[in-house]
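Report on one structure; see the data block that follows.
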Number of protein chains: 2
Amino acid sequence: MARKASLSGFPEWLPEERLIEQSVIDVLQRSFELHGFSSIETRAVETVGDLLRKGEIDKEVYAVSRLQAEEASASESGLALHYDLTVPLARYVVENAGHLAFPFRRYQIQKCWRGERPQEGRAREFTQADIDVVGDGVLPFRYDIELALTVVEALGALPIPEVTLRVNNRKLAEGFYRGIGLEDTAAVLRSIDKLEKIGPGKVGELLRDEAGADEEQVRLALELASIRTPDTSFVEQVRALGVTGELLDEGLEELRQVVAEVARRAPGRVVADLSIARGLDYYTGTVYETVLDGHESLGSICSGGRYDALARKGNRTFPGVGLSIGVTRIVSRIVSQGFAAVSRPVPTAVLVTLADDDSWSQAQDVAAALRGRGIPTEVAATAEKFGKQIKYADRRGIPFVWFTDTDGTHEVKDIRSGEQVSADPESWMPPVADVRPVVTAV
Amino acid sequence: MARKASLSGFPEWLPEERLIEQSVIDVLQRSFELHGFSSIETRAVETVGDLLRKGEIDKEVYAVSRLQAEEASASESGLALHYDLTVPLARYVVENAGHLAFPFRRYQIQKCWRGERPQEGRAREFTQADIDVVGDGVLPFRYDIELALTVVEALGALPIPEVTLRVNNRKLAEGFYRGIGLEDTAAVLRSIDKLEKIGPGKVGELLRDEAGADEEQVRLALELASIRTPDTSFVEQVRALGVTGELLDEGLEELRQVVAEVARRAPGRVVADLSIARGLDYYTGTVYETVLDGHESLGSICSGGRYDALARKGNRTFPGVGLSIGVTRIVSRIVSQGFAAVSRPVPTAVLVTLADDDSWSQAQDVAAALRGRGIPTEVAATAEKFGKQIKYADRRGIPFVWFTDTDGTHEVKDIRSGEQVSADPESWMPPVADVRPVVTAV
């Protein structure tokens, strides 16, 4: 962000930056729809109970209450802003199960709020773009592959550097830990999750202290986490560690399929990274993170995974797999690094000038004709000197100005080149690239 | 809304209803951009001070605070969710004045929150679509006409009954009240604002009690408020009341221009309605309300007006004129009255079936080819019997299923008609109306 937000962690874009954000959202939306995902939105608030069920993030939650507390109704106490779009999805699925066709494929692009310490790439109000597939009872594993392909394709259409999808599998990790005698797999995952932050030495200590690991178990757990291959060769590397087990085998095979298929369809865009733990989230199979090549310090721009039970309703279980793209994080980087340029800051292609003050209504006719063909058009508000009207267009970045003579003839001028030609409001078209603002990768 | 919201006042749409909402938003957005308005979004939260400065609506504001209060930083105390998009615009303009080209034309489509008692047409979380033009120091009156034309055109493109824009002018009203000797014009406006709710008798009492009006003043104020003309004939009707004054003349002339121009360009869509007061809002000239013909009880679906000082920065003043469209109110009515229909509930046009389980990757090739031409496509996740795969498509509302034979030939079936034809993944196109879900007025 070029400018400092007036409220730390709550970024706001200028109109030309917003065009970039809109373009990012349009690309994602179109990509998701091409893959058959339906849009939904959920309310901004959830009950605090629903929000805290998922993990230990109570410090990050923004509670919502009526300013005049005595007016608050019972239904409104205990509400808070959602911090992600997964908890709301789970509730939405349970509430609307009778109205949805399963597997339910949905995308959701909305703001989320977390009271974390703001820093680059981490805002307190931010837009996420999520896709999930939710099954009723069962959800074939293949959706884990499909979602990986979908996000790689969607991110590949954005004006950003190449991305690398880092994939792991909880079954693989947990099967391995059990295979070496570590039963508290959650504690092991929590420790491994800190690898990038604190390094293997300190993670080893954690494994000893919190997961009760001995030297050999620490060595094997760290060795597993060091495996990172852009192809399916991780399978042999894991096998070489000499650990066996059914859950491990299942995880290896699932991860092999994800990596093989993504590497085949998007060469260079996937890595099996056995250090990916995804912290406290309740994933049960595939886990994903995504980094922008050369901008790894930005953190993951797209993360997610598989839940065996995203939601439950009585004895009905809804498994899901999904990913969440950090739109604000991506747009911030595009803006701060100048990854994309906007052809002009305003939608307007043409300013219809006024020869005299009485011609305003007639100028509206010209504007209506141009808009009818999809050309964004403004009409000057007052009949200032033409020089001033042209200057107005120039200052706002409007490329064309339109003149109507008292004899009813029309001319249009490209103020960038100075070229001025006769034109008919019923047929004139600007070059295709000038009809609307265009966002291009730089 | 067909279904009851799980949290009263916080409606959520099913995927097919969301398609209608998206279509409404797309139409408005396109219309605003054709008129040269730039998109911005502002943060969901404002300071309580900024929010309460505008009027006595503290009871309706939702305060926001960190759940763990001891963690809250000073900058975060006293925050609340915005209840409209005008207060945020004023702040945004002041903060970014150095980066904006004036007159600044912006549209903003975002959620707002008000803790009012929920009822049809009034939600606690709702989407507004605002357009405003903001000047630096001055803003020609013509923008008042232009904005009226813009919203009438935008609303006319929606799948709803015809709308009537009801326009009045604060200068006219205040000039008239002063002309009859009533100096507390705010008190008069507050009383007149209740006309529709409590009727002229009670408003008369209020005028006596709160604005100190005598019988003759009550009679004249009520007579002014009873004037309602679809053309500029209101001017003579006001003149016939025998009141004069500079401010009144100015207001009469402004209102005449708005009504004349809208009546000319959108016949039947405008009424000069001299009862429109717009309550406590600090308007200083034109005021607008809009009703859906035959659904007047729904309330205004688009309101706004002119502010001489939307915002101030030092001794710099930013006048503005704008309107706010109630998207949620409109969509609720479209859904509950069935004003529009969606051609199908999912984006997906084609389901690529699997002949056997190994053909999944090959089916992805077919899907990629179709998506490359903009055809939303899904691939079956498992090679169930074709009957089951077709049933899946049917249940989800997907019109076409694709079959690839083991010899590499392809066929596509329209499951509505049963017609099945040979097809090439590199060239086949569905009928244009089937590419994407289409929303049509019923």
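Residue names in the structure tokens use chain letters A, B, ... in the order shown, residue numbers from 1 in each chain, and ligand numbers from 1 in the order shown.
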
Determine which residues of chain B sit within 6 Å of chain A, taking into account only C-alpha atoms, and present them as a short mmCIF file (atom, residue, chain, number, x, y, z; two decimals) with N, CA and C atoms, in the first residue's frame.
data_model
loop_
_atom_site.label_atom_id
_atom_site.label_comp_id
_atom_site.auth_asym_id
_atom_site.auth_seq_id
_atom_site.Cartn_x
_atom_site.Cartn_y
_atom_site.Cartn_z
N GLU B 12 -29.74 -14.43 4.20
CA GLU B 12 -28.73 -15.10 3.36
C GLU B 12 -29.46 -15.77 2.20
N PRO B 15 -28.06 -20.36 -3.49
CA PRO B 15 -27.28 -20.06 -4.71
C PRO B 15 -28.11 -19.47 -5.85
N GLU B 33 -20.85 2.60 -14.22
CA GLU B 33 -19.59 2.78 -14.95
C GLU B 33 -19.85 3.46 -16.30
N LEU B 34 -20.96 3.12 -16.95
CA LEU B 34 -21.30 3.79 -18.21
C LEU B 34 -21.49 5.28 -18.01
N HIS B 35 -21.84 5.67 -16.79
CA HIS B 35 -22.00 7.10 -16.47
C HIS B 35 -20.74 7.69 -15.85
N GLY B 36 -19.65 6.94 -15.89
CA GLY B 36 -18.37 7.50 -15.46
C GLY B 36 -18.12 7.53 -13.97
N SER B 38 -16.52 5.85 -10.64
CA SER B 38 -15.46 4.92 -10.25
C SER B 38 -15.87 4.16 -9.01
N ILE B 40 -15.26 2.52 -5.42
CA ILE B 40 -14.39 2.42 -4.25
C ILE B 40 -15.11 1.54 -3.23
N THR B 42 -14.94 1.19 1.19
CA THR B 42 -14.35 1.70 2.41
C THR B 42 -14.44 0.61 3.47
N LYS B 59 -28.90 4.43 18.66
CA LYS B 59 -29.52 3.16 19.03
C LYS B 59 -29.33 2.10 17.94
N VAL B 61 -26.64 1.68 15.96
CA VAL B 61 -25.26 1.39 15.57
C VAL B 61 -24.74 0.13 16.27
N TYR B 62 -24.01 -0.70 15.50
CA TYR B 62 -23.35 -1.87 16.06
C TYR B 62 -21.90 -1.53 16.39
N ALA B 63 -21.57 -1.55 17.67
CA ALA B 63 -20.19 -1.31 18.08
C ALA B 63 -19.36 -2.57 17.86
N VAL B 64 -18.06 -2.36 17.62
CA VAL B 64 -17.14 -3.46 17.37
C VAL B 64 -16.02 -3.36 18.40
N SER B 65 -15.68 -4.48 19.01
CA SER B 65 -14.56 -4.46 19.96
C SER B 65 -13.90 -5.82 19.97
N ARG B 66 -12.61 -5.82 20.35
CA ARG B 66 -11.94 -7.11 20.42
C ARG B 66 -12.54 -7.93 21.54
N LEU B 67 -12.71 -9.21 21.29
CA LEU B 67 -13.36 -10.09 22.25
C LEU B 67 -12.60 -10.08 23.56
N GLN B 68 -11.28 -10.07 23.48
CA GLN B 68 -10.44 -9.96 24.67
C GLN B 68 -10.13 -8.49 24.85
N ALA B 101 -9.38 13.33 -8.26
CA ALA B 101 -9.69 14.39 -9.22
C ALA B 101 -11.14 14.81 -9.00
N ARG B 142 -26.25 21.11 -11.92
CA ARG B 142 -26.63 20.13 -12.94
C ARG B 142 -26.42 18.69 -12.52
N VAL B 346 -26.97 -23.39 -11.18
CA VAL B 346 -25.50 -23.51 -11.09
C VAL B 346 -24.86 -22.90 -12.33
N PRO B 347 -23.60 -22.46 -12.22
CA PRO B 347 -22.94 -21.93 -13.41
C PRO B 347 -22.66 -23.00 -14.46
N THR B 348 -22.53 -24.24 -14.01
CA THR B 348 -22.09 -25.33 -14.88
C THR B 348 -23.02 -25.59 -16.07
N ARG B 371 -13.76 -25.03 -21.16
CA ARG B 371 -13.59 -23.80 -20.35
C ARG B 371 -12.82 -22.75 -21.13
N PRO B 376 -18.71 -23.11 -18.76
CA PRO B 376 -18.49 -23.65 -17.41
C PRO B 376 -18.69 -25.17 -17.40
N THR B 377 -17.69 -25.88 -16.90
CA THR B 377 -17.68 -27.33 -17.03
C THR B 377 -17.20 -27.99 -15.74
N GLU B 378 -17.87 -29.09 -15.39
CA GLU B 378 -17.43 -29.94 -14.28
C GLU B 378 -17.07 -31.31 -14.82
N ALA B 381 -16.67 -37.05 -10.55
CA ALA B 381 -15.57 -37.42 -9.65
C ALA B 381 -15.32 -38.92 -9.66
N ARG B 396 -28.49 -31.31 -10.25
CA ARG B 396 -27.83 -30.02 -10.07
C ARG B 396 -28.29 -28.97 -11.08
#

Polymer residues at most 9 Å from B:Val331, only C-alpha atoms, same-chain spacing of 4 or more positions, as a PyMOL selection string: chain B and resi 1+17+20-21+24+326-327+335-336

Atomic distance atom CA of B:Lys413 - atom CA of B:Pro399, expressed in Å with one decimal: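 About the pair atom CA of B:Lys413 and atom CA of B:Pro399: they are 8.4 Å apart.
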
Can you list, as a CSV table (one decimal) with N, CA, C and O atoms, in the first residue's frame, all residues belonging to stretch 318-362 of chain A that DSSP tags as alpha helix (DSSP H)?
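Below you can see selection_26.csv, which holds the result:
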chain,number,residue,atom,x,y,z
A,327,VAL,N,-7.1,-12.3,-1.1
A,327,VAL,CA,-7.2,-11.3,-2.2
A,327,VAL,C,-6.5,-10.0,-1.7
A,327,VAL,O,-5.7,-9.4,-2.5
A,328,THR,N,-6.7,-9.6,-0.5
A,328,THR,CA,-6.1,-8.3,-0.1
A,328,THR,C,-4.6,-8.5,0.0
A,328,THR,O,-3.9,-7.6,-0.4
A,329,ARG,N,-4.1,-9.6,0.4
A,329,ARG,CA,-2.7,-9.9,0.4
A,329,ARG,C,-2.1,-9.8,-1.0
A,329,ARG,O,-1.1,-9.2,-1.2
A,330,ILE,N,-2.8,-10.4,-1.9
A,330,ILE,CA,-2.3,-10.4,-3.3
A,330,ILE,C,-2.4,-9.0,-3.9
A,330,ILE,O,-1.4,-8.5,-4.5
A,331,VAL,N,-3.5,-8.3,-3.7
A,331,VAL,CA,-3.7,-7.0,-4.3
A,331,VAL,C,-2.6,-6.0,-3.7
A,331,VAL,O,-2.0,-5.2,-4.4
A,332,SER,N,-2.4,-6.1,-2.4
A,332,SER,CA,-1.4,-5.2,-1.7
A,332,SER,C,0.0,-5.4,-2.4
A,332,SER,O,0.7,-4.4,-2.7
A,333,ARG,N,0.3,-6.7,-2.7
A,333,ARG,CA,1.6,-6.9,-3.3
A,333,ARG,C,1.6,-6.4,-4.8
A,333,ARG,O,2.6,-5.8,-5.2
A,334,ILE,N,0.5,-6.6,-5.5
A,334,ILE,CA,0.5,-6.1,-6.9
A,334,ILE,C,0.7,-4.6,-6.9
A,334,ILE,O,1.4,-4.0,-7.7
A,335,VAL,N,0.0,-3.9,-5.9
A,335,VAL,CA,0.1,-2.4,-5.9
A,335,VAL,C,1.5,-2.0,-5.4
A,335,VAL,O,2.1,-1.1,-6.0
A,336,SER,N,2.0,-2.6,-4.3
A,336,SER,CA,3.3,-2.1,-3.8
A,336,SER,C,4.4,-2.5,-4.8
A,336,SER,O,5.4,-1.7,-4.8
A,337,GLN,N,4.3,-3.5,-5.5
A,337,GLN,CA,5.4,-3.9,-6.4
A,337,GLN,C,5.2,-3.5,-7.9
A,337,GLN,O,6.0,-3.7,-8.7
A,360,TRP,N,-26.8,21.4,-22.7
A,360,TRP,CA,-26.6,20.2,-21.8
A,360,TRP,C,-27.5,19.1,-22.1
A,360,TRP,O,-27.1,17.9,-22.1
A,361,SER,N,-28.8,19.4,-22.4
A,361,SER,CA,-29.8,18.3,-22.6
A,361,SER,C,-29.5,17.6,-23.9
A,361,SER,O,-29.6,16.3,-24.0
A,362,GLN,N,-29.1,18.3,-24.9
A,362,GLN,CA,-28.7,17.8,-26.2
A,362,GLN,C,-27.4,16.9,-26.0
A,362,GLN,O,-27.3,15.8,-26.6

Backbone DSSP call of strand (DSSP E) for stretch 40-257 of chain A, listed as number ranges by chain: A: 45-47, 62-66, 79-81, 104-113, 125-134, 163-169, 228-229

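When atom CA of B:Lys385 is paired with atom CA of B:Ala355, their separation reads 8.3 Å.
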
Residues within 10 Å of A:Arg312, only C-alpha atoms, excluding chain neighbours under 3 positions, as a list of chain:residue names: A:Ala90, A:Arg91, A:Val93, A:Val94, A:Asp136, A:Gly137, A:Ala309, A:Asn315, A:Arg316, A:Thr317, A:Phe318, A:Pro319

For A:Lys202: contacts at 12 Å, only C-alpha atoms, fewer than 4 positions along chain excluded, given as a PyMOL selection string: chain A and resi 191-198+206-210+218+222

Selection near stretch 246-252 of chain A, 9 Å with only C-alpha atoms, sequence-local residues under 6 positions removed, as a list in words: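 Within the cut-off, the hits are Asn168, Asn169, Arg170, Lys171, Leu172, Ala173, Glu174, Gly175, Phe176, Tyr177, Arg178, Gly179, Phe234, Val235, Val238, Gly285 and Thr286 of chain A.
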
May I have the selected residues written with C-alpha atoms, as a compact mmCIF listing (two decimals), in the first residue's frame?
# COMPACT_ATOMS: atom_id res chain seq x y z
CA ASN A 168 1.14 -32.24 2.13
CA ASN A 169 -1.21 -34.80 3.60
CA ARG A 170 -2.25 -35.20 7.22
CA LYS A 171 -2.76 -38.96 6.84
CA LEU A 172 0.82 -39.25 5.63
CA ALA A 173 2.17 -37.19 8.53
CA GLU A 174 0.01 -38.76 11.22
CA GLY A 175 0.59 -42.26 9.85
CA PHE A 176 4.31 -41.62 9.91
CA TYR A 177 4.29 -40.23 13.46
CA ARG A 178 2.29 -43.20 14.70
CA GLY A 179 4.63 -45.49 12.79
CA PHE A 234 8.95 -37.91 -2.29
CA VAL A 235 7.32 -41.34 -2.10
CA VAL A 238 9.58 -41.38 2.68
CA GLY A 285 -6.07 -35.31 4.55
CA THR A 286 -4.61 -33.05 1.88

Pick from B:Glu215, B:Glu411, B:Glu236, B:Asp184 nearest to B:Glu253, counting only C-alpha atoms: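 Closest to B:Glu253, using only C-alpha atoms: B:Glu236.
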
Residue contacts of B:Leu165 (8 Å, only C-alpha atoms) excluding same-chain residues fewer than 6 positions away, as a list in words: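 Contacts, in chain order: Ala148, Val152, Arg269, Val270, Val271, Tyr288, Glu289, Thr290 and Val291 of chain B.
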
Straight-line distance linking atom CA of B:Val366 with atom CA of B:Glu426, stated in Å to one decimal: 8.2 Å
